[in-house]
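Student: Here you go, upload15.cif (mmCIF, C-alpha atoms):
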```cif
data_target
#
loop_
_atom_site.label_atom_id
_atom_site.label_comp_id
_atom_site.auth_asym_id
_atom_site.auth_seq_id
_atom_site.Cartn_x
_atom_site.Cartn_y
_atom_site.Cartn_z
CA MET A 14 0.00 0.00 0.00
CA SER A 15 1.46 3.36 -0.97
CA ARG A 16 1.50 6.32 1.39
CA LYS A 17 0.51 9.76 0.17
CA PRO A 18 -0.21 11.98 3.20
CA TYR A 19 -2.31 15.02 2.34
CA VAL A 20 -1.21 18.37 3.80
CA ARG A 21 -3.97 20.94 4.28
CA GLU A 22 -2.92 24.48 3.45
CA VAL A 23 -3.26 27.14 6.17
CA SER A 24 -4.08 30.74 5.25
CA LYS A 25 -1.11 32.89 6.30
CA THR A 26 -3.25 36.02 6.44
CA GLY A 27 -6.76 34.94 7.38
CA TRP A 28 -6.19 32.20 9.97
CA TYR A 29 -7.39 34.35 12.87
CA LEU A 30 -10.83 34.73 11.30
CA LYS A 31 -11.48 31.01 11.80
CA HIS A 32 -12.32 31.07 15.49
CA PRO A 33 -13.40 33.68 18.11
CA ARG A 34 -10.44 32.70 20.34
CA TYR A 35 -8.02 33.70 17.59
CA MET A 36 -9.91 36.97 17.11
CA ARG A 37 -9.59 37.66 20.85
CA TYR A 38 -5.86 37.00 20.62
CA MET A 39 -5.46 39.37 17.68
CA SER A 40 -7.53 42.06 19.43
CA ARG A 41 -5.05 41.84 22.33
CA GLU A 42 -2.03 41.96 20.04
CA ILE A 43 -3.32 44.86 17.97
CA THR A 44 -3.37 47.10 21.05
CA CYS A 45 0.39 47.43 20.54
CA ILE A 46 -0.21 49.83 17.62
CA PRO A 47 -1.83 52.75 19.56
CA ILE A 48 0.42 52.04 22.57
CA GLY A 49 3.46 52.14 20.28
CA ALA A 50 2.20 55.38 18.73
CA PHE A 51 1.86 56.89 22.20
CA ALA A 52 5.41 55.80 23.09
CA LEU A 53 6.58 57.57 19.92
CA LEU A 54 4.69 60.68 21.03
CA LEU A 55 6.53 60.57 24.37
CA VAL A 56 9.87 60.34 22.56
CA CYS A 57 8.88 63.40 20.47
CA ALA A 58 7.90 65.23 23.68
CA MET A 59 11.33 64.51 25.19
CA GLU A 60 13.04 65.63 22.04
CA ARG A 61 11.11 68.95 22.19
CA LEU A 62 11.94 69.28 25.88
CA SER A 63 15.63 69.05 25.02
CA HIS A 64 15.13 72.25 23.00
CA GLY A 65 13.87 74.16 26.01
CA GLN A 66 10.68 75.18 27.77
CA ALA A 67 9.22 77.19 24.86
CA ALA A 68 9.61 74.30 22.38
CA PHE A 69 8.00 71.88 24.85
CA ASP A 70 5.12 74.24 25.60
CA SER A 71 4.33 74.69 21.91
CA PHE A 72 4.41 70.88 21.46
CA MET A 73 1.99 70.44 24.36
CA ALA A 74 -0.25 73.13 22.93
CA ALA A 75 -0.25 71.33 19.59
CA ILE A 76 -1.50 68.07 21.10
CA ALA A 77 -4.02 69.74 23.39
CA GLY A 78 -7.61 70.24 22.30
CA PRO A 79 -10.44 67.80 21.48
CA GLY A 80 -8.43 65.82 18.88
CA GLY A 81 -5.57 65.20 21.28
CA PHE A 82 -7.97 64.34 24.10
CA ILE A 83 -9.81 61.78 21.98
CA GLY A 84 -6.47 60.31 20.85
CA MET A 85 -5.29 59.96 24.46
CA LEU A 86 -8.61 58.41 25.45
CA ILE A 87 -8.29 55.81 22.69
CA VAL A 88 -4.74 54.97 23.80
CA LEU A 89 -5.92 54.70 27.41
CA LEU A 90 -8.71 52.30 26.41
CA PHE A 91 -6.35 50.12 24.39
CA ALA A 92 -3.71 50.17 27.14
CA THR A 93 -6.33 49.23 29.74
CA TYR A 94 -7.56 46.36 27.54
CA ASN A 95 -3.98 45.16 27.05
CA ALA A 96 -3.09 45.43 30.76
CA THR A 97 -6.25 43.69 32.03
CA ASN A 98 -5.73 40.87 29.50
CA TRP A 99 -2.21 40.27 30.73
CA PHE A 100 -3.00 40.74 34.42
CA ASN A 101 -5.75 38.14 34.18
CA VAL A 102 -3.35 35.47 32.88
CA THR A 103 -0.51 36.14 35.34
CA PRO A 104 -1.41 33.14 37.56
CA LYS A 105 -0.49 30.89 34.62
CA ALA A 106 3.01 32.35 34.33
CA MET A 107 3.78 32.77 38.03
CA PRO A 108 1.96 30.20 40.17
CA VAL A 109 2.68 30.48 43.89
CA GLN A 110 2.91 27.14 45.68
CA ILE A 111 2.42 27.09 49.43
CA GLY A 112 3.06 23.60 50.77
CA GLU A 113 0.89 21.21 48.78
CA GLU A 114 -1.53 23.92 47.64
CA PHE A 115 -1.35 26.69 45.08
CA LEU A 116 -2.37 30.23 45.97
CA ALA A 117 -5.70 31.06 44.28
CA GLY A 118 -5.19 32.97 41.04
CA LYS A 119 -7.42 35.85 42.19
CA TYR A 120 -4.77 36.92 44.73
CA ILE A 121 -2.01 37.01 42.09
CA VAL A 122 -4.24 38.94 39.68
CA GLY A 123 -5.40 41.21 42.53
CA ALA A 124 -1.79 41.99 43.52
CA HIS A 125 -1.10 43.18 39.97
CA TYR A 126 -4.15 45.47 40.01
CA ALA A 127 -3.09 46.80 43.42
CA VAL A 128 0.44 47.61 42.20
CA TRP A 129 -1.07 49.22 39.08
CA ALA A 130 -3.35 51.41 41.23
CA ILE A 131 -0.48 52.44 43.53
CA ALA A 132 1.83 53.21 40.58
CA SER A 133 -0.92 55.29 38.96
CA LEU A 134 -1.46 57.24 42.20
CA VAL A 135 2.28 57.93 42.51
CA VAL A 136 2.39 59.20 38.90
CA LEU A 137 -0.66 61.42 39.50
CA LEU A 138 0.96 62.80 42.67
CA PHE A 139 4.17 63.62 40.77
CA ALA A 140 2.06 65.24 38.06
CA GLY A 141 0.49 67.44 40.75
CA VAL A 142 -3.11 66.29 40.10
CA MET B 8 -36.14 0.76 33.18
CA SER B 9 -37.16 3.23 30.47
CA GLU B 10 -36.14 2.59 26.88
CA LEU B 11 -33.09 4.53 25.64
CA LYS B 12 -33.98 7.52 23.47
CA LYS B 13 -32.74 7.30 19.90
CA ARG B 14 -32.48 9.87 17.14
CA MET B 15 -31.12 10.18 13.64
CA VAL B 16 -27.77 11.99 13.55
CA GLU B 17 -26.36 13.56 10.41
CA LEU B 18 -22.59 13.43 10.01
CA GLU B 19 -20.31 15.02 7.44
CA VAL B 20 -17.03 13.16 7.56
CA LEU B 21 -13.87 14.16 5.71
CA ARG B 22 -12.72 11.19 3.63
CA TYR B 23 -9.37 10.73 1.95
CA ASP B 24 -8.15 7.62 0.22
CA PRO B 25 -4.50 8.13 -0.77
CA GLU B 26 -4.86 5.48 -3.50
CA GLN B 27 -7.92 7.07 -5.13
CA ASP B 28 -8.23 10.74 -4.13
CA SER B 29 -6.13 13.73 -5.10
CA GLU B 30 -7.67 15.69 -2.22
CA PRO B 31 -10.07 15.04 0.69
CA ARG B 32 -13.85 15.24 0.24
CA PHE B 33 -16.80 15.30 2.64
CA GLN B 34 -19.15 12.32 2.80
CA LYS B 35 -22.57 12.49 4.47
CA TYR B 36 -23.96 9.76 6.69
CA GLU B 37 -27.25 9.50 8.55
CA VAL B 38 -27.10 7.06 11.42
CA MET B 39 -29.48 6.14 14.24
CA CYS B 40 -27.83 6.94 17.59
CA ASN B 41 -28.66 6.63 21.25
CA GLU B 42 -29.17 10.00 22.89
CA GLU B 43 -26.29 9.56 25.33
CA TRP B 44 -23.76 8.52 22.70
CA VAL B 45 -20.60 10.39 21.81
CA VAL B 46 -19.31 11.21 18.31
CA LEU B 47 -17.02 8.16 18.44
CA ASP B 48 -20.09 5.92 18.98
CA ALA B 49 -21.74 7.50 15.94
CA LEU B 50 -18.61 6.80 13.85
CA ASN B 51 -18.55 3.22 15.12
CA ALA B 52 -22.23 2.86 14.13
CA VAL B 53 -21.40 4.20 10.64
CA LYS B 54 -18.51 1.74 10.32
CA GLU B 55 -20.59 -1.22 11.56
CA THR B 56 -23.80 -0.54 9.66
CA ILE B 57 -23.09 1.70 6.66
CA ASP B 58 -19.47 2.00 5.57
CA PRO B 59 -16.78 -0.41 6.82
CA THR B 60 -14.08 1.44 4.87
CA LEU B 61 -14.16 4.50 7.19
CA ALA B 62 -10.75 4.79 8.95
CA TYR B 63 -10.11 6.45 12.33
CA ARG B 64 -8.12 5.80 15.50
CA TRP B 65 -9.57 5.01 18.88
CA SER B 66 -8.91 2.75 21.81
CA CYS B 67 -10.10 3.36 25.37
CA HIS B 68 -13.40 5.26 24.85
CA MET B 69 -12.84 7.01 28.19
CA ALA B 70 -10.62 10.05 27.50
CA VAL B 71 -7.46 8.35 28.73
CA CYS B 72 -5.59 6.95 25.73
CA GLY B 73 -5.61 10.15 23.64
CA SER B 74 -6.09 8.29 20.34
CA CYS B 75 -9.43 9.61 19.07
CA GLY B 76 -8.68 13.32 18.67
CA MET B 77 -10.60 14.86 15.75
CA MET B 78 -12.02 18.19 14.67
CA VAL B 79 -15.70 18.19 15.60
CA ASN B 80 -17.47 21.16 14.04
CA GLY B 81 -14.11 22.90 13.75
CA GLU B 82 -13.07 22.32 17.37
CA PRO B 83 -10.31 19.88 18.43
CA LYS B 84 -12.05 17.24 20.55
CA LEU B 85 -11.60 13.71 21.81
CA SER B 86 -14.42 12.08 19.86
CA CYS B 87 -15.09 9.83 22.88
CA HIS B 88 -15.72 12.97 24.90
CA ALA B 89 -17.86 14.90 22.39
CA PHE B 90 -21.47 14.17 23.37
CA LEU B 91 -24.12 14.07 20.65
CA ARG B 92 -26.53 15.90 22.98
CA ASP B 93 -24.30 18.97 22.61
CA TYR B 94 -24.93 19.04 18.84
CA VAL B 95 -28.72 18.66 18.71
CA GLY B 96 -30.14 20.23 15.54
CA GLN B 97 -26.71 20.45 13.91
CA VAL B 98 -24.99 18.49 11.22
CA ILE B 99 -21.85 17.19 12.92
CA ARG B 100 -18.81 17.81 10.76
CA VAL B 101 -15.92 15.49 11.62
CA GLU B 102 -12.43 16.12 10.22
CA PRO B 103 -8.96 14.81 11.04
CA LEU B 104 -7.01 16.85 13.62
CA ALA B 105 -5.97 20.15 12.08
CA ASN B 106 -2.28 20.94 11.47
CA PHE B 107 -1.33 17.30 10.82
CA PRO B 108 -1.10 15.62 7.41
CA ILE B 109 -3.95 13.22 6.63
CA GLU B 110 -2.89 9.59 6.27
CA ARG B 111 -6.39 8.29 5.44
CA ASP B 112 -9.88 9.57 6.32
CA LEU B 113 -9.69 10.69 9.97
CA VAL B 114 -6.24 9.21 10.59
CA THR B 115 -3.41 11.75 10.75
CA VAL B 116 0.36 11.40 10.50
CA ALA B 117 1.63 11.98 14.04
CA ASP B 118 5.36 11.50 13.29
CA ASP B 119 6.22 15.18 13.79
CA PHE B 120 4.78 15.23 17.30
CA ILE B 121 6.37 11.91 18.24
CA ASN B 122 9.79 13.09 17.07
CA LYS B 123 9.47 16.35 19.01
CA LEU B 124 8.36 14.46 22.09
CA LYS B 125 11.50 12.28 21.86
CA ARG B 126 13.69 15.38 21.52
CA VAL B 127 12.57 16.83 24.88
CA LYS B 128 13.49 13.61 26.74
CA PRO B 129 10.17 13.16 28.58
CA TYR B 130 11.49 10.85 31.26
CA ILE B 131 13.38 11.18 34.52
CA ILE B 132 17.12 11.66 34.08
CA PRO B 133 18.51 11.11 37.59
CA LYS B 134 21.63 12.94 38.72
CA GLU B 135 23.27 9.60 39.42
CA LYS B 136 21.73 6.20 39.03
CA LYS B 137 21.60 4.12 42.16
CA PRO B 138 21.13 0.38 42.52
CA ILE B 139 17.68 -0.95 43.38
CA SER B 140 19.10 -2.17 46.70
CA GLU B 141 19.39 1.50 47.80
CA GLY B 142 15.61 1.88 47.57
CA GLU B 143 13.27 4.21 45.73
CA TYR B 144 13.75 7.88 44.81
CA LYS B 145 11.56 9.54 47.43
CA GLN B 146 9.39 12.59 46.93
CA THR B 147 7.18 14.63 49.27
CA PRO B 148 3.53 15.40 48.40
CA ALA B 149 4.50 19.07 47.91
CA GLN B 150 7.23 18.07 45.41
CA LEU B 151 4.66 15.94 43.57
CA MET B 152 2.12 18.78 43.41
CA LYS B 153 4.70 21.03 41.74
CA TYR B 154 4.42 19.08 38.47
CA ARG B 155 1.33 16.87 38.92
CA GLN B 156 -0.99 18.93 36.72
CA PHE B 157 1.43 18.76 33.79
CA SER B 158 1.81 14.99 34.17
CA MET B 159 -1.86 14.57 33.22
CA CYS B 160 -1.07 15.05 29.51
CA ILE B 161 -2.29 12.10 27.42
CA ASN B 162 -0.46 13.09 24.19
CA CYS B 163 -3.77 13.53 22.34
CA MET B 164 -2.36 16.39 20.23
CA LEU B 165 -5.53 18.51 20.49
CA CYS B 166 -3.29 21.39 21.62
CA TYR B 167 -1.29 21.16 18.39
CA ALA B 168 -4.50 21.21 16.37
CA ALA B 169 -5.60 24.39 18.18
CA CYS B 170 -2.24 26.18 18.07
CA PRO B 171 -1.98 28.78 15.27
CA GLU B 172 1.76 29.11 15.89
CA TYR B 173 2.23 25.43 15.07
CA SER B 174 0.09 25.73 11.96
CA LEU B 175 2.14 28.69 10.70
CA GLN B 176 5.56 27.58 11.99
CA PRO B 177 5.65 23.76 11.86
CA GLN B 178 9.16 23.68 13.34
CA PHE B 179 7.65 24.87 16.67
CA ILE B 180 8.28 22.16 19.29
CA GLY B 181 4.72 22.82 20.42
CA PRO B 182 2.55 22.86 23.55
CA ALA B 183 2.43 19.22 24.73
CA ALA B 184 6.14 18.43 24.19
CA ILE B 185 7.29 21.60 25.99
CA THR B 186 4.77 21.00 28.77
CA LEU B 187 6.11 17.50 29.30
CA ALA B 188 9.68 18.82 29.30
CA HIS B 189 8.58 21.31 31.97
CA ARG B 190 6.89 18.50 33.92
CA TYR B 191 10.22 16.63 34.18
CA ASN B 192 12.19 19.82 34.82
CA LEU B 193 9.97 20.43 37.86
CA ASP B 194 10.44 16.90 39.18
CA SER B 195 12.66 16.78 42.29
CA ARG B 196 14.07 13.40 41.15
CA ASP B 197 15.25 14.77 37.81
CA ALA B 198 18.56 16.38 36.80
CA GLY B 199 18.04 16.61 33.03
CA ARG B 200 16.95 20.24 32.75
CA ASP B 201 20.10 21.44 30.98
CA GLN B 202 19.63 18.81 28.26
CA ARG B 203 15.98 19.78 27.73
CA GLN B 204 16.67 23.51 27.78
CA GLU B 205 18.85 23.05 24.68
CA VAL B 206 15.67 22.03 22.86
CA ILE B 207 12.92 24.09 24.48
CA ALA B 208 14.63 27.40 25.40
CA THR B 209 15.13 28.21 21.73
CA ASN B 210 13.45 30.10 18.91
CA GLU B 211 11.73 26.95 17.72
CA GLY B 212 10.95 26.09 21.32
CA VAL B 213 9.17 28.23 23.83
CA TRP B 214 10.02 31.56 22.17
CA GLU B 215 7.86 30.63 19.18
CA CYS B 216 4.85 30.75 21.51
CA SER B 217 2.99 34.08 21.54
CA PHE B 218 0.52 32.96 24.21
CA VAL B 219 -2.64 32.58 22.17
CA GLY B 220 -3.83 30.24 24.92
CA ALA B 221 -5.85 28.02 22.57
CA CYS B 222 -3.92 24.92 23.73
CA SER B 223 -5.24 25.27 27.27
CA GLU B 224 -8.79 26.00 26.09
CA VAL B 225 -9.02 22.72 24.16
CA CYS B 226 -7.02 20.48 26.54
CA PRO B 227 -9.37 17.65 27.65
CA LYS B 228 -7.35 17.00 30.81
CA ALA B 229 -7.01 20.61 32.08
CA VAL B 230 -3.23 20.37 31.83
CA ASP B 231 -2.88 24.08 30.91
CA PRO B 232 0.00 23.86 28.42
CA ALA B 233 -0.13 27.65 27.93
CA GLY B 234 0.70 28.06 31.61
CA ALA B 235 3.58 25.61 31.36
CA LEU B 236 5.06 27.46 28.38
CA GLN B 237 4.88 30.84 30.13
CA GLN B 238 6.61 29.32 33.16
CA VAL B 239 9.36 27.97 30.90
CA LYS B 240 9.75 31.48 29.45
CA VAL B 241 10.11 32.99 32.93
CA ALA B 242 12.63 30.32 34.01
CA SER B 243 14.62 30.68 30.75
CA THR B 244 14.71 34.46 31.13
CA ILE B 245 16.05 34.09 34.69
CA ASP B 246 18.70 31.69 33.28
CA TRP B 247 19.71 34.35 30.74
CA PHE B 248 20.06 37.07 33.37
CA LYS B 249 22.08 34.76 35.63
CA GLU B 250 24.33 33.83 32.74
CA HIS B 251 24.94 37.35 31.44
CA LEU B 252 24.68 39.63 34.45
CA LEU B 253 25.94 37.69 37.44
CA PRO B 254 29.70 37.42 38.00
CA GLY B 255 30.84 33.88 37.31
CA GLY B 256 27.72 33.09 35.25
CA LYS B 257 28.00 30.27 32.74
CA SER B 258 28.57 31.38 29.14
#
```
Once more with this new file: its structure as structure tokens, please.

Tutor:
Amino acid sequence: MSRKPYVREVSKTGWYLKHPRYMRYMSREITCIPIGAFALLLVCAMERLSHGQAAFDSFMAAIAGPGGFIGMLIVLLFATYNATNWFNVTPKAMPVQIGEEFLAGKYIVGAHYAVWAIASLVVLLFAGV
Amino acid sequence: MSELKKRMVELEVLRYDPEQDSEPRFQKYEVMCNEEWVVLDALNAVKETIDPTLAYRWSCHMAVCGSCGMMVNGEPKLSCHAFLRDYVGQVIRVEPLANFPIERDLVTVADDFINKLKRVKPYIIPKEKKPISEGEYKQTPAQLMKYRQFSMCINCMLCYAACPEYSLQPQFIGPAAITLAHRYNLDSRDAGRDQRQEVIATNEGVWECSFVGACSEVCPKAVDPAGALQQVKVASTIDWFKEHLLPGGKS
């Protein structure tokens, strides 16, 4: 009997449309685009700052206004979606074993949210809010 | 005792005869099934009463042997664990496990997985062998619990069928093999981690994984391969820092 295994082709570009779990994965991954854009904006802000107070102030004025606000809001939403996605899977990557038992995942996830909240408060305090 | 409920079940099964077909084709069957049957029972009924040429693998019929993995309505499932009552009103489409070549009908070529499994040395490699007269290698319950979940893998390959990384990058060592490597790395009786790291802490190993998480969603034994792979990434990263940043680190 001859063997002739058949290999099914996989779409290199449309594979993630085949199942909701792949769409969820891609929605998480795509958050890197607005977050990356925001990181670029921060680099530009630092570059302007290196040219002095006046250059920085004019840069800040340029990104102020409704357009800038909406842009920041979109980045915040994407960043929040990204962070919550990753926080919720942290128990998989860093299980904590105590004796014969494992610490419930909710405590590991909760610790991440707590550190996030504290870090945000510290940043807001530094920003003088 | 009340009589068992029966109903007609419609199946669409992917058929492929390497001696006749240039590509697979779907074949429809209608078969009378008991209400509490699983998809594997329906296939057995087809083979016994309609078409004895239908080829598929199965053995234990109790989700232990890992032989009967198939795509059931697009989802990787053990066909002995896919209950017909969950598909009422639907045509049940049965295909061979995705991401593996088709040998015949629902039988896939598993060689790639088997070879990768061998490469990760999924067995205990003791630091030094001792004679039986010295007694067993002892382990505390806590040491057992460290790896127990990952030892539940039955090599059914559903995780490979669900993994888009494996479908796009077939050189990827893959979820089950890396999980089993991790299982032995965590075992207090084992000293083979360095040998396994050469295979799994590589670009075709754990760093090919982008944490889609599909492997854990489809795992019939709740092994959580995605968790195992992330833990291997953390441990491998710590290795790298120790090697490159600590004085006297191995190069």

Student: Select, from A:Cys45, A:Val88, A:Leu53, A:Ala117, the residue with the minimum atom-to-atom distance to Thr103 (chain A), counting all atoms listed in the file.

Tutor: A:Ala117

Student: Expand the PyMOL selection byres ((chain B) within 6 of (chain A)) into the explicit residue set it covers here, and present it as a PyMOL selection string.

Tutor: chain B and resi 25+108-110+149+219+234+237-238

Student: Using CA of Val230 (chain B) and CA of Thr209 (chain B) as the two end points, give the distance in Å to one decimal.

Tutor: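 Those two atoms sit 22.4 Å apart.
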
Student: Would you list the contacts of Ala58 (chain A) as a list of chain:residue names, taking every protein, DNA or RNA residue within 9 Å and counting only C-alpha atoms, but skipping same-chain residues closer than 3 positions in sequence?

Tutor: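 Neighbouring residues, sequence-local ones excluded: A:Leu53, A:Leu54, A:Leu55, A:Arg61, A:Leu62, A:Ser63, A:Phe69, A:Phe72, A:Met73.
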
Student: What lies within 9 Å of region 181-183 of chain B using all atoms listed in the file, ignoring chain neighbours under 5 positions off, as a VMD selection string?

Tutor: chain B and resid 120 123 to 124 160 to 164 166 to 167 170 172 to 173 188 211 to 213 215 to 216 222 to 223 232 to 233 235 to 236

Student: Quick one: residues within 12 Å of Leu151 (chain B), all atoms listed in the file counted, chain neighbours fewer than 4 positions away excluded, as a list in words?

Tutor: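 Contacts, in chain order: Gln110, Gly112, Glu113 and Glu114 of chain A; Lys145, Gln146, Thr147, Arg155, Gln156, Phe157, Ser158, Arg190, Tyr191, Leu193, Asp194, Ser195 and Arg196 of chain B.
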
Student: Take region 52-80 of chain B, model N, CA and C atoms, and hand the result over as a PDB file, keeping the file's coordinate frame.

Tutor:
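Saved to part-v1.pdb:
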```pdb
ATOM      1  N   ALA B  52     -20.960   3.330  14.715  1.00  0.00           N
ATOM      2  CA  ALA B  52     -22.230   2.860  14.130  1.00  0.00           C
ATOM      3  C   ALA B  52     -22.173   2.963  12.606  1.00  0.00           C
ATOM      4  N   VAL B  53     -21.551   4.052  12.104  1.00  0.00           N
ATOM      5  CA  VAL B  53     -21.400   4.200  10.640  1.00  0.00           C
ATOM      6  C   VAL B  53     -20.547   3.041  10.112  1.00  0.00           C
ATOM      7  N   LYS B  54     -19.438   2.776  10.798  1.00  0.00           N
ATOM      8  CA  LYS B  54     -18.510   1.740  10.320  1.00  0.00           C
ATOM      9  C   LYS B  54     -19.162   0.347  10.364  1.00  0.00           C
ATOM     10  N   GLU B  55     -19.971   0.106  11.404  1.00  0.00           N
ATOM     11  CA  GLU B  55     -20.590  -1.220  11.560  1.00  0.00           C
ATOM     12  C   GLU B  55     -21.780  -1.423  10.638  1.00  0.00           C
ATOM     13  N   THR B  56     -22.536  -0.342  10.362  1.00  0.00           N
ATOM     14  CA  THR B  56     -23.800  -0.540   9.660  1.00  0.00           C
ATOM     15  C   THR B  56     -23.865   0.059   8.255  1.00  0.00           C
ATOM     16  N   ILE B  57     -22.977   1.015   7.953  1.00  0.00           N
ATOM     17  CA  ILE B  57     -23.090   1.700   6.660  1.00  0.00           C
ATOM     18  C   ILE B  57     -21.837   1.566   5.799  1.00  0.00           C
ATOM     19  N   ASP B  58     -20.665   1.882   6.396  1.00  0.00           N
ATOM     20  CA  ASP B  58     -19.470   2.000   5.570  1.00  0.00           C
ATOM     21  C   ASP B  58     -18.244   1.441   6.303  1.00  0.00           C
ATOM     22  N   PRO B  59     -17.918   0.179   6.089  1.00  0.00           N
ATOM     23  CA  PRO B  59     -16.780  -0.410   6.820  1.00  0.00           C
ATOM     24  C   PRO B  59     -15.420   0.114   6.386  1.00  0.00           C
ATOM     25  N   THR B  60     -15.385   0.937   5.333  1.00  0.00           N
ATOM     26  CA  THR B  60     -14.080   1.440   4.870  1.00  0.00           C
ATOM     27  C   THR B  60     -13.619   2.683   5.651  1.00  0.00           C
ATOM     28  N   LEU B  61     -14.505   3.264   6.472  1.00  0.00           N
ATOM     29  CA  LEU B  61     -14.160   4.500   7.190  1.00  0.00           C
ATOM     30  C   LEU B  61     -13.016   4.211   8.188  1.00  0.00           C
ATOM     31  N   ALA B  62     -11.933   5.025   8.096  1.00  0.00           N
ATOM     32  CA  ALA B  62     -10.750   4.790   8.950  1.00  0.00           C
ATOM     33  C   ALA B  62     -10.601   5.886   9.988  1.00  0.00           C
ATOM     34  N   TYR B  63     -10.365   5.508  11.238  1.00  0.00           N
ATOM     35  CA  TYR B  63     -10.110   6.450  12.330  1.00  0.00           C
ATOM     36  C   TYR B  63      -9.447   5.687  13.461  1.00  0.00           C
ATOM     37  N   ARG B  64      -8.789   6.440  14.363  1.00  0.00           N
ATOM     38  CA  ARG B  64      -8.120   5.800  15.500  1.00  0.00           C
ATOM     39  C   ARG B  64      -8.977   5.927  16.752  1.00  0.00           C
ATOM     40  N   TRP B  65      -9.003   4.905  17.536  1.00  0.00           N
ATOM     41  CA  TRP B  65      -9.570   5.010  18.880  1.00  0.00           C
ATOM     42  C   TRP B  65      -9.145   3.792  19.676  1.00  0.00           C
ATOM     43  N   SER B  66      -9.265   3.903  21.003  1.00  0.00           N
ATOM     44  CA  SER B  66      -8.910   2.750  21.810  1.00  0.00           C
ATOM     45  C   SER B  66      -9.753   2.677  23.093  1.00  0.00           C
ATOM     46  N   CYS B  67      -9.545   3.594  24.026  1.00  0.00           N
ATOM     47  CA  CYS B  67     -10.100   3.360  25.370  1.00  0.00           C
ATOM     48  C   CYS B  67     -11.556   3.774  25.522  1.00  0.00           C
ATOM     49  N   HIS B  68     -12.036   4.744  24.742  1.00  0.00           N
ATOM     50  CA  HIS B  68     -13.400   5.260  24.850  1.00  0.00           C
ATOM     51  C   HIS B  68     -13.664   5.898  26.214  1.00  0.00           C
ATOM     52  N   MET B  69     -12.629   6.377  26.880  1.00  0.00           N
ATOM     53  CA  MET B  69     -12.840   7.010  28.190  1.00  0.00           C
ATOM     54  C   MET B  69     -11.856   8.153  28.436  1.00  0.00           C
ATOM     55  N   ALA B  70     -11.452   8.838  27.380  1.00  0.00           N
ATOM     56  CA  ALA B  70     -10.620  10.050  27.500  1.00  0.00           C
ATOM     57  C   ALA B  70      -9.336   9.811  28.282  1.00  0.00           C
ATOM     58  N   VAL B  71      -8.728   8.657  28.053  1.00  0.00           N
ATOM     59  CA  VAL B  71      -7.460   8.350  28.730  1.00  0.00           C
ATOM     60  C   VAL B  71      -6.337   8.074  27.730  1.00  0.00           C
ATOM     61  N   CYS B  72      -6.668   7.384  26.631  1.00  0.00           N
ATOM     62  CA  CYS B  72      -5.590   6.950  25.730  1.00  0.00           C
ATOM     63  C   CYS B  72      -5.123   8.068  24.794  1.00  0.00           C
ATOM     64  N   GLY B  73      -5.997   9.031  24.509  1.00  0.00           N
ATOM     65  CA  GLY B  73      -5.610  10.150  23.640  1.00  0.00           C
ATOM     66  C   GLY B  73      -5.553   9.817  22.166  1.00  0.00           C
ATOM     67  N   SER B  74      -6.192   8.725  21.739  1.00  0.00           N
ATOM     68  CA  SER B  74      -6.090   8.290  20.340  1.00  0.00           C
ATOM     69  C   SER B  74      -7.126   8.929  19.413  1.00  0.00           C
ATOM     70  N   CYS B  75      -8.287   9.306  19.943  1.00  0.00           N
ATOM     71  CA  CYS B  75      -9.430   9.610  19.070  1.00  0.00           C
ATOM     72  C   CYS B  75      -9.633  11.100  18.846  1.00  0.00           C
ATOM     73  N   GLY B  76      -8.559  11.887  18.919  1.00  0.00           N
ATOM     74  CA  GLY B  76      -8.680  13.320  18.670  1.00  0.00           C
ATOM     75  C   GLY B  76      -9.096  13.612  17.248  1.00  0.00           C
ATOM     76  N   MET B  77     -10.099  14.469  17.075  1.00  0.00           N
ATOM     77  CA  MET B  77     -10.600  14.860  15.750  1.00  0.00           C
ATOM     78  C   MET B  77     -11.119  16.287  15.838  1.00  0.00           C
ATOM     79  N   MET B  78     -11.351  16.894  14.688  1.00  0.00           N
ATOM     80  CA  MET B  78     -12.020  18.190  14.670  1.00  0.00           C
ATOM     81  C   MET B  78     -13.523  17.912  14.594  1.00  0.00           C
ATOM     82  N   VAL B  79     -14.247  18.365  15.595  1.00  0.00           N
ATOM     83  CA  VAL B  79     -15.700  18.190  15.600  1.00  0.00           C
ATOM     84  C   VAL B  79     -16.313  19.584  15.481  1.00  0.00           C
ATOM     85  N   ASN B  80     -16.955  19.825  14.370  1.00  0.00           N
ATOM     86  CA  ASN B  80     -17.470  21.160  14.040  1.00  0.00           C
ATOM     87  C   ASN B  80     -16.388  22.237  14.240  1.00  0.00           C
TER      88      ASN B  80
END
```
